[in-house]
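Participant: See coords34.csv below, with CSV, C-alpha atoms and all ligand atoms.
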chain,number,residue,atom,x,y,z
A,189,MET,CA,0.0,0.0,0.0
A,190,LYS,CA,2.7,2.5,1.0
A,191,GLY,CA,4.6,1.3,-2.1
A,192,ASP,CA,2.4,3.5,-4.3
A,193,LEU,CA,3.0,6.6,-2.3
A,194,LYS,CA,5.4,9.5,-2.7
A,195,VAL,CA,7.1,11.3,0.1
A,196,TRP,CA,8.7,14.7,0.3
A,197,TRP,CA,12.3,14.5,1.2
A,198,ASP,CA,14.5,17.5,1.5
A,199,GLY,CA,12.6,19.4,-1.1
A,200,LYS,CA,11.9,16.6,-3.6
A,201,PHE,CA,9.0,14.2,-4.1
A,202,ILE,CA,10.4,10.7,-4.2
A,203,GLU,CA,8.9,7.2,-4.0
A,204,TYR,CA,8.3,5.8,-0.5
A,205,LYS,CA,10.5,2.8,-1.3
A,206,ASP,CA,13.4,5.0,-2.3
A,207,ALA,CA,13.3,7.0,1.0
A,208,LYS,CA,16.1,5.1,2.8
A,209,VAL,CA,18.7,5.9,5.5
A,210,PRO,CA,21.9,4.2,6.5
A,211,ILE,CA,21.4,1.8,9.5
A,212,LEU,CA,23.7,3.8,11.7
A,213,THR,CA,21.7,7.0,11.2
A,214,HIS,CA,22.0,9.1,14.4
A,215,SER,CA,18.3,9.5,15.0
A,216,LEU,CA,17.7,5.7,14.6
A,217,GLN,CA,20.5,4.9,17.1
A,218,TYR,CA,19.7,7.6,19.7
A,219,GLY,CA,16.1,8.7,19.2
A,220,SER,CA,17.0,12.2,18.1
A,221,GLY,CA,14.3,12.7,15.5
A,222,ILE,CA,11.6,15.3,15.9
A,223,PHE,CA,8.1,15.1,14.4
A,224,GLU,CA,4.5,16.2,14.1
A,225,GLY,CA,1.3,14.2,13.6
A,226,ILE,CA,-1.4,16.0,11.6
A,227,ARG,CA,-4.7,14.8,10.0
A,228,ALA,CA,-6.5,15.9,6.9
A,229,TYR,CA,-10.3,15.3,6.5
A,230,LYS,CA,-12.7,15.3,3.6
A,231,ASN,CA,-15.1,18.2,3.3
A,232,GLU,CA,-17.7,19.4,0.8
A,233,LYS,CA,-15.0,21.1,-1.3
A,234,GLY,CA,-12.4,18.3,-1.3
A,235,SER,CA,-10.3,18.0,1.8
A,236,ALA,CA,-8.5,20.1,4.4
A,237,VAL,CA,-5.7,19.9,6.9
A,238,PHE,CA,-6.7,20.4,10.5
A,239,ARG,CA,-4.9,23.2,12.3
A,240,LEU,CA,-1.9,23.0,10.0
A,241,ARG,CA,-0.3,26.3,11.2
A,242,ASP,CA,-0.4,25.2,14.8
A,243,HIS,CA,1.2,21.9,14.0
A,244,ILE,CA,3.9,23.5,11.9
A,245,LYS,CA,4.6,26.1,14.7
A,246,ARG,CA,5.1,23.2,17.2
A,247,PHE,CA,7.3,21.4,14.7
A,248,PHE,CA,9.5,24.5,14.4
A,249,ASN,CA,9.5,25.0,18.2
A,250,THR,CA,10.6,21.4,18.7
A,251,ALA,CA,13.4,21.9,16.1
A,252,LYS,CA,14.6,25.0,17.9
A,253,ILE,CA,14.7,23.2,21.2
A,254,TYR,CA,16.9,20.5,19.7
A,255,ARG,CA,18.9,22.9,17.6
A,256,ILE,CA,17.8,21.4,14.3
A,257,ASP,CA,18.0,23.9,11.4
A,258,LEU,CA,15.0,23.0,9.3
A,259,LYS,CA,16.4,24.9,6.3
A,260,TYR,CA,12.8,25.6,5.0
A,261,SER,CA,10.3,28.2,6.1
A,262,MET,CA,7.1,27.4,7.9
A,263,ASP,CA,5.3,28.4,4.7
A,264,GLU,CA,7.5,26.1,2.5
A,265,ILE,CA,6.8,23.1,4.8
A,266,SER,CA,3.1,23.8,4.8
A,267,GLN,CA,3.0,24.1,1.0
A,268,ALA,CA,5.0,20.9,0.7
A,269,ILE,CA,2.4,19.1,2.9
A,270,LEU,CA,-0.5,20.4,0.7
A,271,GLU,CA,1.3,19.4,-2.5
A,272,LEU,CA,2.1,15.9,-1.1
A,273,LEU,CA,-1.6,15.3,-0.5
A,274,ARG,CA,-2.5,16.5,-4.0
A,275,ILE,CA,0.3,14.3,-5.6
A,276,ASN,CA,-0.8,11.2,-3.6
A,277,LYS,CA,-4.5,12.0,-4.1
A,278,LEU,CA,-5.1,11.6,-0.4
A,279,ASP,CA,-8.1,13.2,1.2
A,280,GLU,CA,-8.5,11.6,4.7
A,281,CYS,CA,-5.0,10.9,5.9
A,282,TYR,CA,-2.4,11.2,8.6
A,283,ILE,CA,0.6,13.4,7.9
A,284,ARG,CA,4.0,12.9,9.5
A,285,PRO,CA,6.7,15.6,9.1
A,286,PHE,CA,9.9,14.2,10.5
A,287,ALA,CA,13.4,15.9,10.9
A,288,PHE,CA,16.4,14.0,11.9
A,289,TYR,CA,20.2,14.0,12.2
A,290,ARG,CA,21.3,12.0,9.2
A,291,ASP,CA,24.9,11.6,10.4
A,292,ASP,CA,25.9,8.0,10.7
A,293,SER,CA,29.0,8.1,12.8
A,294,ILE,CA,28.9,6.5,16.3
A,295,GLY,CA,29.4,9.7,18.3
A,296,LEU,CA,26.5,10.9,20.4
A,297,SER,CA,26.8,14.6,19.9
A,298,PRO,CA,24.9,15.7,16.9
A,299,PHE,CA,26.2,19.3,17.3
A,300,GLY,CA,26.7,20.9,13.9
A,301,LYS,CA,25.8,17.6,12.0
A,302,GLU,CA,23.7,17.5,8.9
A,303,THR,CA,19.9,17.1,9.1
A,304,SER,CA,17.2,15.9,6.8
A,305,ILE,CA,13.4,16.4,6.7
A,306,TYR,CA,10.8,14.1,5.2
A,307,ILE,CA,7.0,14.4,5.1
A,308,ALA,CA,5.0,11.2,4.7
A,309,ALA,CA,1.2,11.0,4.4
A,310,VAL,CA,-0.7,7.8,4.7
A,311,PRO,CA,-4.3,6.6,5.0
A,312,PHE,CA,-5.0,6.1,8.7
A,313,ASP,CA,-8.4,5.3,10.2
A,314,LYS,CA,-9.2,5.1,13.9
A,315,TYR,CA,-6.2,4.8,16.2
A,316,LEU,CA,-7.7,3.4,19.5
A,317,SER,CA,-11.4,3.6,19.2
A,318,LYS,CA,-13.7,0.8,19.8
A,319,SER,CA,-17.5,1.5,19.6
A,320,SER,CA,-17.7,0.6,23.3
A,321,GLY,CA,-14.8,2.7,24.6
A,322,ILE,CA,-11.4,1.5,25.7
A,323,ARG,CA,-10.1,-0.2,28.9
A,324,CYS,CA,-7.2,1.6,30.5
A,325,LYS,CA,-4.6,0.8,33.1
A,326,THR,CA,-2.8,3.3,35.3
A,327,SER,CA,0.9,2.7,34.4
A,328,THR,CA,3.5,1.8,37.0
A,329,TRP,CA,5.8,4.0,34.9
A,330,ARG,CA,5.7,7.8,35.5
A,331,ARG,CA,5.4,10.3,32.7
A,332,ILE,CA,8.6,12.1,31.9
A,333,ASN,CA,8.8,15.6,33.3
A,334,SER,CA,10.6,18.9,32.5
A,335,LYS,CA,13.4,18.1,34.9
A,336,ILE,CA,14.4,15.3,32.6
A,337,LEU,CA,13.4,16.2,29.0
A,338,PRO,CA,11.6,19.0,27.2
A,339,VAL,CA,8.0,17.7,27.4
A,340,GLN,CA,6.7,20.4,25.0
A,341,ALA,CA,9.0,19.1,22.3
A,342,LYS,CA,7.6,16.3,20.1
A,343,ALA,CA,10.8,14.3,19.9
A,344,SER,CA,11.2,10.6,19.2
A,345,GLY,CA,13.1,9.9,22.4
A,346,ASN,CA,10.1,11.0,24.5
A,347,TYR,CA,8.1,8.2,23.1
A,348,LEU,CA,10.2,5.5,24.8
A,349,ASN,CA,8.5,6.6,28.0
A,350,SER,CA,5.1,6.3,26.2
A,351,LEU,CA,6.0,2.9,24.7
A,352,ILE,CA,7.0,1.3,27.9
A,353,ALA,CA,3.7,2.3,29.5
A,354,ASN,CA,1.7,1.1,26.5
A,355,LEU,CA,3.6,-2.2,26.4
A,356,GLU,CA,2.8,-2.9,30.1
A,357,ALA,CA,-0.9,-2.1,29.6
A,358,ARG,CA,-1.2,-4.1,26.4
A,359,SER,CA,0.6,-7.1,27.8
A,360,LEU,CA,-1.8,-7.2,30.7
A,361,GLY,CA,-4.8,-7.2,28.4
A,362,PHE,CA,-5.7,-3.5,28.5
A,363,ASP,CA,-6.1,-1.2,25.5
A,364,GLU,CA,-4.0,1.7,26.7
A,365,ALA,CA,-2.1,3.2,29.6
A,366,ILE,CA,-2.8,6.3,31.7
A,367,MET,CA,0.3,7.9,33.0
A,368,LEU,CA,0.7,9.8,36.3
A,369,GLY,CA,3.2,12.6,36.7
A,370,GLU,CA,6.0,12.8,39.2
A,371,ASN,CA,3.7,14.2,41.8
A,372,GLY,CA,1.2,11.4,41.5
A,373,TYR,CA,-1.5,13.4,39.6
A,374,VAL,CA,-2.8,12.2,36.3
A,375,ALA,CA,-0.7,13.5,33.4
A,376,GLU,CA,-1.7,12.0,30.0
A,377,GLY,CA,-1.9,8.9,27.9
A,378,PRO,CA,1.2,7.7,26.0
A,379,GLY,CA,0.1,9.6,22.9
A,380,GLU,CA,-3.0,11.4,24.1
A,381,ASN,CA,-4.2,14.0,26.5
A,382,ILE,CA,-6.9,13.1,28.9
A,383,PHE,CA,-10.2,14.7,30.0
A,384,ILE,CA,-12.8,13.6,32.6
A,385,VAL,CA,-16.4,14.9,32.9
A,386,LYS,CA,-17.8,15.7,36.3
A,387,ASP,CA,-21.1,17.3,37.0
A,388,GLY,CA,-21.5,18.6,33.4
A,389,ALA,CA,-18.0,20.2,33.2
A,390,LEU,CA,-14.7,19.0,31.6
A,391,ILE,CA,-11.6,18.7,33.8
A,392,THR,CA,-8.1,18.2,32.2
A,393,PRO,CA,-4.6,18.4,33.6
A,394,PRO,CA,-3.0,21.9,33.3
A,395,ASP,CA,0.1,23.1,31.5
A,396,GLU,CA,2.1,22.8,34.7
A,397,SER,CA,1.5,19.0,34.8
A,398,ASP,CA,4.3,18.4,32.2
A,399,ILE,CA,1.9,17.2,29.5
A,400,LEU,CA,2.3,17.8,25.8
A,401,LEU,CA,-0.1,20.7,25.2
A,402,GLY,CA,-2.1,19.0,22.5
A,403,ILE,CA,-3.7,20.8,19.7
A,404,THR,CA,-6.7,18.5,20.0
A,405,ARG,CA,-6.9,19.3,23.7
A,406,ASP,CA,-7.0,23.0,22.8
A,407,SER,CA,-9.6,22.4,20.1
A,408,ILE,CA,-11.8,20.5,22.5
A,409,ILE,CA,-11.6,23.2,25.2
A,410,LYS,CA,-12.7,25.8,22.5
A,411,ILE,CA,-15.4,23.6,21.0
A,412,ALA,CA,-16.8,22.8,24.4
A,413,GLY,CA,-16.7,26.5,25.4
A,414,HIS,CA,-18.7,27.3,22.2
A,415,LEU,CA,-21.3,24.6,23.2
A,416,GLY,CA,-21.5,26.2,26.7
A,417,ILE,CA,-19.5,23.4,28.4
A,418,LYS,CA,-16.9,24.7,30.9
A,419,THR,CA,-13.4,23.2,31.2
A,420,LEU,CA,-11.4,23.3,34.4
A,421,GLU,CA,-7.6,23.0,33.9
A,422,ARG,CA,-6.4,21.5,37.2
A,423,ASN,CA,-4.6,18.6,38.7
A,424,ILE,CA,-6.6,15.3,38.7
A,425,HIS,CA,-6.1,12.7,41.4
A,426,ARG,CA,-5.8,9.2,40.1
A,427,GLU,CA,-9.0,8.1,41.9
A,428,GLU,CA,-11.0,11.0,40.4
A,429,ILE,CA,-11.0,9.2,37.1
A,430,TYR,CA,-12.6,6.1,38.8
A,431,VAL,CA,-15.5,8.2,40.0
A,432,ALA,CA,-15.8,10.5,37.0
A,433,ASP,CA,-19.1,10.6,35.1
A,434,GLU,CA,-17.2,10.2,31.8
A,435,ALA,CA,-13.6,10.1,30.6
A,436,PHE,CA,-11.9,10.3,27.2
A,437,PHE,CA,-8.5,10.6,25.5
A,438,ALA,CA,-7.8,13.4,23.0
A,439,GLY,CA,-5.1,13.6,20.3
A,440,THR,CA,-4.6,13.9,16.6
A,441,ALA,CA,-4.4,10.1,16.1
A,442,ALA,CA,-6.9,9.2,18.9
A,443,GLU,CA,-9.3,12.1,18.0
A,444,ILE,CA,-11.8,11.7,20.9
A,445,THR,CA,-11.6,8.2,22.3
A,446,PRO,CA,-14.0,7.3,25.1
A,447,ILE,CA,-12.6,5.4,28.1
A,448,SER,CA,-14.9,2.8,29.5
A,449,SER,CA,-12.9,1.6,32.4
A,450,VAL,CA,-9.7,2.3,34.3
A,451,ASP,CA,-7.9,-0.4,36.4
A,452,GLY,CA,-11.0,-2.6,36.0
A,453,ILE,CA,-13.3,0.1,37.5
A,454,THR,CA,-16.2,1.0,35.1
A,455,ILE,CA,-16.4,4.8,34.4
A,456,GLY,CA,-20.0,6.0,34.8
A,457,ASP,CA,-22.3,3.3,33.5
A,458,GLY,CA,-19.6,2.0,31.1
A,459,ASN,CA,-21.4,3.5,28.0
A,460,ILE,CA,-20.2,6.5,26.0
A,461,GLY,CA,-21.4,9.5,28.0
A,462,LYS,CA,-23.6,12.3,26.8
A,463,ILE,CA,-20.9,15.0,26.9
A,464,THR,CA,-18.3,12.7,25.2
A,465,SER,CA,-20.7,11.9,22.4
A,466,THR,CA,-21.7,15.5,21.9
A,467,LEU,CA,-18.0,16.5,21.7
A,468,ILE,CA,-17.2,13.6,19.3
A,469,ASN,CA,-20.1,14.7,17.1
A,470,GLU,CA,-19.1,18.4,17.1
A,471,TYR,CA,-15.3,17.6,16.7
A,472,MET,CA,-16.2,15.6,13.6
A,473,ASN,CA,-18.4,18.5,12.3
A,474,VAL,CA,-15.4,20.9,12.8
A,475,VAL,CA,-12.8,18.8,11.1
A,476,HIS,CA,-15.1,18.0,8.2
A,477,GLY,CA,-15.9,21.7,7.7
A,478,ARG,CA,-19.5,21.5,8.9
A,479,ASN,CA,-19.0,24.1,11.6
A,480,GLU,CA,-18.5,27.7,10.1
A,481,TYR,CA,-17.4,29.1,13.5
A,482,PHE,CA,-14.2,27.0,13.5
A,483,ARG,CA,-13.6,27.1,9.7
A,484,ASP,CA,-10.2,29.0,10.1
A,485,TRP,CA,-8.7,25.8,11.6
A,486,LEU,CA,-9.0,24.2,8.1
A,487,THR,CA,-6.4,24.7,5.3
A,488,GLN,CA,-8.0,23.5,2.1
A,489,VAL,CA,-5.9,21.1,0.1
B,1,LIG,N1,0.3,13.8,24.4
B,1,LIG,C1,1.2,13.1,23.8
B,1,LIG,C2,2.3,12.4,24.6
B,1,LIG,C3,1.1,12.9,22.4
B,1,LIG,O1,2.0,12.2,21.8
B,1,LIG,C4,0.1,13.5,21.7
B,1,LIG,C5,-0.1,13.3,20.2
B,1,LIG,C6,-0.9,14.3,22.4
B,1,LIG,C7,-0.7,14.4,23.8
B,1,LIG,C8,-2.0,15.0,21.7
B,1,LIG,O2,-1.5,16.0,20.9
B,1,LIG,P1,-2.2,16.6,19.6
B,1,LIG,O3,-3.6,16.8,20.0
B,1,LIG,O4,-1.5,17.9,19.3
B,1,LIG,O5,-2.0,15.6,18.5
B,1,LIG,N2,0.4,12.1,19.7
B,1,LIG,C9,0.6,11.9,18.3
B,1,LIG,C10,-0.7,12.0,17.5
B,1,LIG,O6,-0.6,12.2,16.3
B,1,LIG,C11,1.2,10.5,18.1
B,1,LIG,C12,0.4,9.3,18.6
B,1,LIG,C13,1.0,8.0,18.2
B,1,LIG,O7,-1.8,11.9,18.1
Can you give me the file's structure in the form of C-alpha cells?
Ligand code: PY5

Facilitator:
Amino acid sequence: MKGDLKVWWDGKFIEYKDAKVPILTHSLQYGSGIFEGIRAYKNEKGSAVFRLRDHIKRFFNTAKIYRIDLKYSMDEISQAILELLRINKLDECYIRPFAFYRDDSIGLSPFGKETSIYIAAVPFDKYLSKSSGIRCKTSTWRRINSKILPVQAKASGNYLNSLIANLEARSLGFDEAIMLGENGYVAEGPGENIFIVKDGALITPPDESDILLGITRDSIIKIAGHLGIKTLERNIHREEIYVADEAFFAGTAAEITPISSVDGITIGDGNIGKITSTLINEYMNVVHGRNEYFRDWLTQV
C-alpha cells in the first residue's frame, strides 16, 4: 500500500520505497528525531488539513529546542504538505513531518551535524477507538517531566516513555495506559491528552502538569466552550477518574476516544457518556468543515 505513495524528502518528491537511510543514522540509534502528527479530513469542497499552522509552529519550536535547522520556512513546509496530499490523491490521511540527524558516525553529539526532513502522508483510520470505549490501566511508569526532558518538544526519544507504558498495559490485556506525573496526579496517555467529565464540566490536567499541550486538547476546550460546556484545567487525582461521570482521550491520532474503564473500574455506567458523544459529534463536524465558526482551523488542500 505504501509502495504506491510518494514522500517529500529535503525538497523533492520521491517514491516511498526510495526514501532510505543508513542503518547507523544518528536518529535511529539515539532517538534524536523530531516530528509532528497531523490529520486531513474530507469536506464538501475536497479535503482540508486540520490546524496546519499550529502543528507547523510546534514542529519549528521542537526543532529550535533540539537545535535542528529545518532549512525551509514554515510556509514552505506547509506548502510541501499540501502538494504531497495532491500528488498522492489523499483526502483523509495522517501526515508525519519528521526531521532528523542523518549523520551515521557513532558519536552521540549531533552538534553541527547534517539534518534531513521528510514528510510522509498515509491513509489512517481510527487509532484506538472501539465502539464501546477503551479499557485503560494506570501505568506503573511515571510520565517524563521537565526536569528530565523538554516535554513540550515532540521528539522521538520522549516516546520510549510512552512505549514502555503502552507495552505494560497491552501485555496485561488493557487497550492503553494512563500515565501519572512525578507528583502522582494524572498526566496523560502515552500519545493522548486526557479529559474527565464531572457534573457537566470538563476537567483536564493543566500546562504545569508536564503534559504535551495537545492541539486536539485546545480544540476540545474551545469547541466545548462554544457549546456552553466549561473546562477546568487543574490537577486530577488518580481516583477522580474512577468516580468521574465520563472520561476520554484526545489527540490527533486518537481524536476523541471514550474510556470505559480504568484499572478494572467502570467509568459511569460504562457506556459512552452524553458530553463525550456531543463532543465527538461536534469535533467531527469541525474537522469536516461542517462548523462555520471554526472554519479558520482548516487549510483547504
Ligand atoms: N500527548 C502526547 C504524549 C502525544 O504524543 C500527543 C499526540 C498528544 C498528547 C496529543 O497532541 P495533539 O492533539 O497535538 O495531537 N500524539 C501523536 C498523535 O498524532 C502521536 C500518537 C501516536 O496523536

Participant: Using all atoms listed in the file, which residues have at least one atom no more than 6 Å from ligand LIG 1 (chain B)? Output them as a list of chain:residue names.

Facilitator: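 Answer in the requested format: A:Gly225, A:Pro378, A:Gly379, A:Glu380, A:Asn381, A:Leu400, A:Gly402, A:Ile403, A:Thr404, A:Arg405, A:Gly439, A:Thr440, A:Ala441, A:Ala442.
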
Participant: Looking at A:Val385, A:Ile244, A:Ile265, A:Leu273, which one is nearest to Ala228 (chain A), with distances taken over all atoms listed in the file?

Facilitator: A:Leu273

Participant: Tell me which protein, DNA and RNA residues are within 12 Å of Tyr347 (chain A), counting only C-alpha atoms, leaving out same-chain ones fewer than 6 positions away, and put them as a compact mmCIF listing (two decimals) with C-alpha atoms, keeping the file's coordinate frame.

Facilitator:
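Written out: selection14.txt:
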# COMPACT_ATOMS: atom_id res chain seq x y z
CA GLY A 219 16.10 8.70 19.20
CA SER A 220 17.00 12.20 18.10
CA GLY A 221 14.30 12.70 15.50
CA ILE A 222 11.60 15.30 15.90
CA PHE A 223 8.10 15.10 14.40
CA ARG A 331 5.40 10.30 32.70
CA ILE A 332 8.60 12.10 31.90
CA LEU A 337 13.40 16.20 29.00
CA VAL A 339 8.00 17.70 27.40
CA ALA A 341 9.00 19.10 22.30
CA ALA A 353 3.70 2.30 29.50
CA ASN A 354 1.70 1.10 26.50
CA LEU A 355 3.60 -2.20 26.40
CA GLY A 377 -1.90 8.90 27.90
CA PRO A 378 1.20 7.70 26.00
CA GLY A 379 0.10 9.60 22.90
CA GLU A 380 -3.00 11.40 24.10
CA LEU A 400 2.30 17.80 25.80

Participant: Which residues of region 385-411 of chain A come within 10 Å of region 479-489 of chain A, and what is each one's closest atom pair and distance in Å (one decimal), counting only C-alpha atoms, sorted by chain and residue number, as JSON lines?

Facilitator:
{"residue": "A:Ser407", "atom": "CA", "partner": "A:Trp485", "partner_atom": "CA", "distance": 9.2}
{"residue": "A:Lys410", "atom": "CA", "partner": "A:Phe482", "partner_atom": "CA", "distance": 9.2}
{"residue": "A:Ile411", "atom": "CA", "partner": "A:Phe482", "partner_atom": "CA", "distance": 8.3}

Participant: Could you pull the residues within 12 Å of Lys325 (chain A), counting all atoms listed in the file, minus those fewer than 3 positions along the same chain, as a PDB file with C-alpha atoms, keeping the file's coordinate frame?

Facilitator:
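Output contents, as saved in selection.pdb:
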ATOM      1  CA  ILE A 322     -11.400   1.500  25.700  1.00  0.00           C
ATOM      2  CA  THR A 328       3.500   1.800  37.000  1.00  0.00           C
ATOM      3  CA  TRP A 329       5.800   4.000  34.900  1.00  0.00           C
ATOM      4  CA  ALA A 353       3.700   2.300  29.500  1.00  0.00           C
ATOM      5  CA  ASN A 354       1.700   1.100  26.500  1.00  0.00           C
ATOM      6  CA  LEU A 355       3.600  -2.200  26.400  1.00  0.00           C
ATOM      7  CA  GLU A 356       2.800  -2.900  30.100  1.00  0.00           C
ATOM      8  CA  ALA A 357      -0.900  -2.100  29.600  1.00  0.00           C
ATOM      9  CA  ARG A 358      -1.200  -4.100  26.400  1.00  0.00           C
ATOM     10  CA  SER A 359       0.600  -7.100  27.800  1.00  0.00           C
ATOM     11  CA  LEU A 360      -1.800  -7.200  30.700  1.00  0.00           C
ATOM     12  CA  GLY A 361      -4.800  -7.200  28.400  1.00  0.00           C
ATOM     13  CA  PHE A 362      -5.700  -3.500  28.500  1.00  0.00           C
ATOM     14  CA  ASP A 363      -6.100  -1.200  25.500  1.00  0.00           C
ATOM     15  CA  GLU A 364      -4.000   1.700  26.700  1.00  0.00           C
ATOM     16  CA  ALA A 365      -2.100   3.200  29.600  1.00  0.00           C
ATOM     17  CA  ILE A 366      -2.800   6.300  31.700  1.00  0.00           C
ATOM     18  CA  MET A 367       0.300   7.900  33.000  1.00  0.00           C
ATOM     19  CA  LEU A 368       0.700   9.800  36.300  1.00  0.00           C
ATOM     20  CA  VAL A 374      -2.800  12.200  36.300  1.00  0.00           C
ATOM     21  CA  GLU A 376      -1.700  12.000  30.000  1.00  0.00           C
ATOM     22  CA  GLY A 377      -1.900   8.900  27.900  1.00  0.00           C
ATOM     23  CA  PRO A 378       1.200   7.700  26.000  1.00  0.00           C
ATOM     24  CA  ARG A 426      -5.800   9.200  40.100  1.00  0.00           C
ATOM     25  CA  ILE A 429     -11.000   9.200  37.100  1.00  0.00           C
ATOM     26  CA  TYR A 430     -12.600   6.100  38.800  1.00  0.00           C
ATOM     27  CA  ILE A 447     -12.600   5.400  28.100  1.00  0.00           C
ATOM     28  CA  SER A 448     -14.900   2.800  29.500  1.00  0.00           C
ATOM     29  CA  SER A 449     -12.900   1.600  32.400  1.00  0.00           C
ATOM     30  CA  VAL A 450      -9.700   2.300  34.300  1.00  0.00           C
ATOM     31  CA  ASP A 451      -7.900  -0.400  36.400  1.00  0.00           C
ATOM     32  CA  GLY A 452     -11.000  -2.600  36.000  1.00  0.00           C
ATOM     33  CA  ILE A 453     -13.300   0.100  37.500  1.00  0.00           C
ATOM     34  CA  THR A 454     -16.200   1.000  35.100  1.00  0.00           C
TER      35      THR A 454
END

Participant: As a PDB file with C-alpha atoms, in the frame of the given file, please: the residues near Ser317 (chain A) (cut-off 9 Å, all atoms listed in the file, same-chain neighbours under 3 positions excluded).

Facilitator:
ATOM      1  CA  LYS A 314      -9.200   5.100  13.900  1.00  0.00           C
ATOM      2  CA  SER A 320     -17.700   0.600  23.300  1.00  0.00           C
ATOM      3  CA  GLY A 321     -14.800   2.700  24.600  1.00  0.00           C
ATOM      4  CA  ILE A 322     -11.400   1.500  25.700  1.00  0.00           C
ATOM      5  CA  ALA A 442      -6.900   9.200  18.900  1.00  0.00           C
ATOM      6  CA  GLU A 443      -9.300  12.100  18.000  1.00  0.00           C
ATOM      7  CA  ILE A 444     -11.800  11.700  20.900  1.00  0.00           C
ATOM      8  CA  THR A 445     -11.600   8.200  22.300  1.00  0.00           C
ATOM      9  CA  PRO A 446     -14.000   7.300  25.100  1.00  0.00           C
TER      10      PRO A 446
END

Participant: Show me, as a Markdown table, the residues of region 307-393 of chain A having an atom within 8 Å of region 190-203 of chain A, each with the closest atom pair and its distance in Å, using all atoms listed in the file.

Facilitator:
| residue | atom | partner | partner_atom | distance |
| --- | --- | --- | --- | --- |
| A:Ile307 | CA | A:Trp196 | CA | 5.1 |
| A:Ala308 | CA | A:Val195 | CA | 5.1 |
| A:Ala309 | CA | A:Val195 | CA | 7.3 |
| A:Val310 | CA | A:Lys190 | CA | 7.3 |

Participant: Between CA of Asn459 (chain A) and CA of Gly388 (chain A), what is the distance in Å, rounded to a tenth?

Facilitator: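 Result for CA of Asn459 (chain A) versus CA of Gly388 (chain A): 16.0 Å, one decimal.
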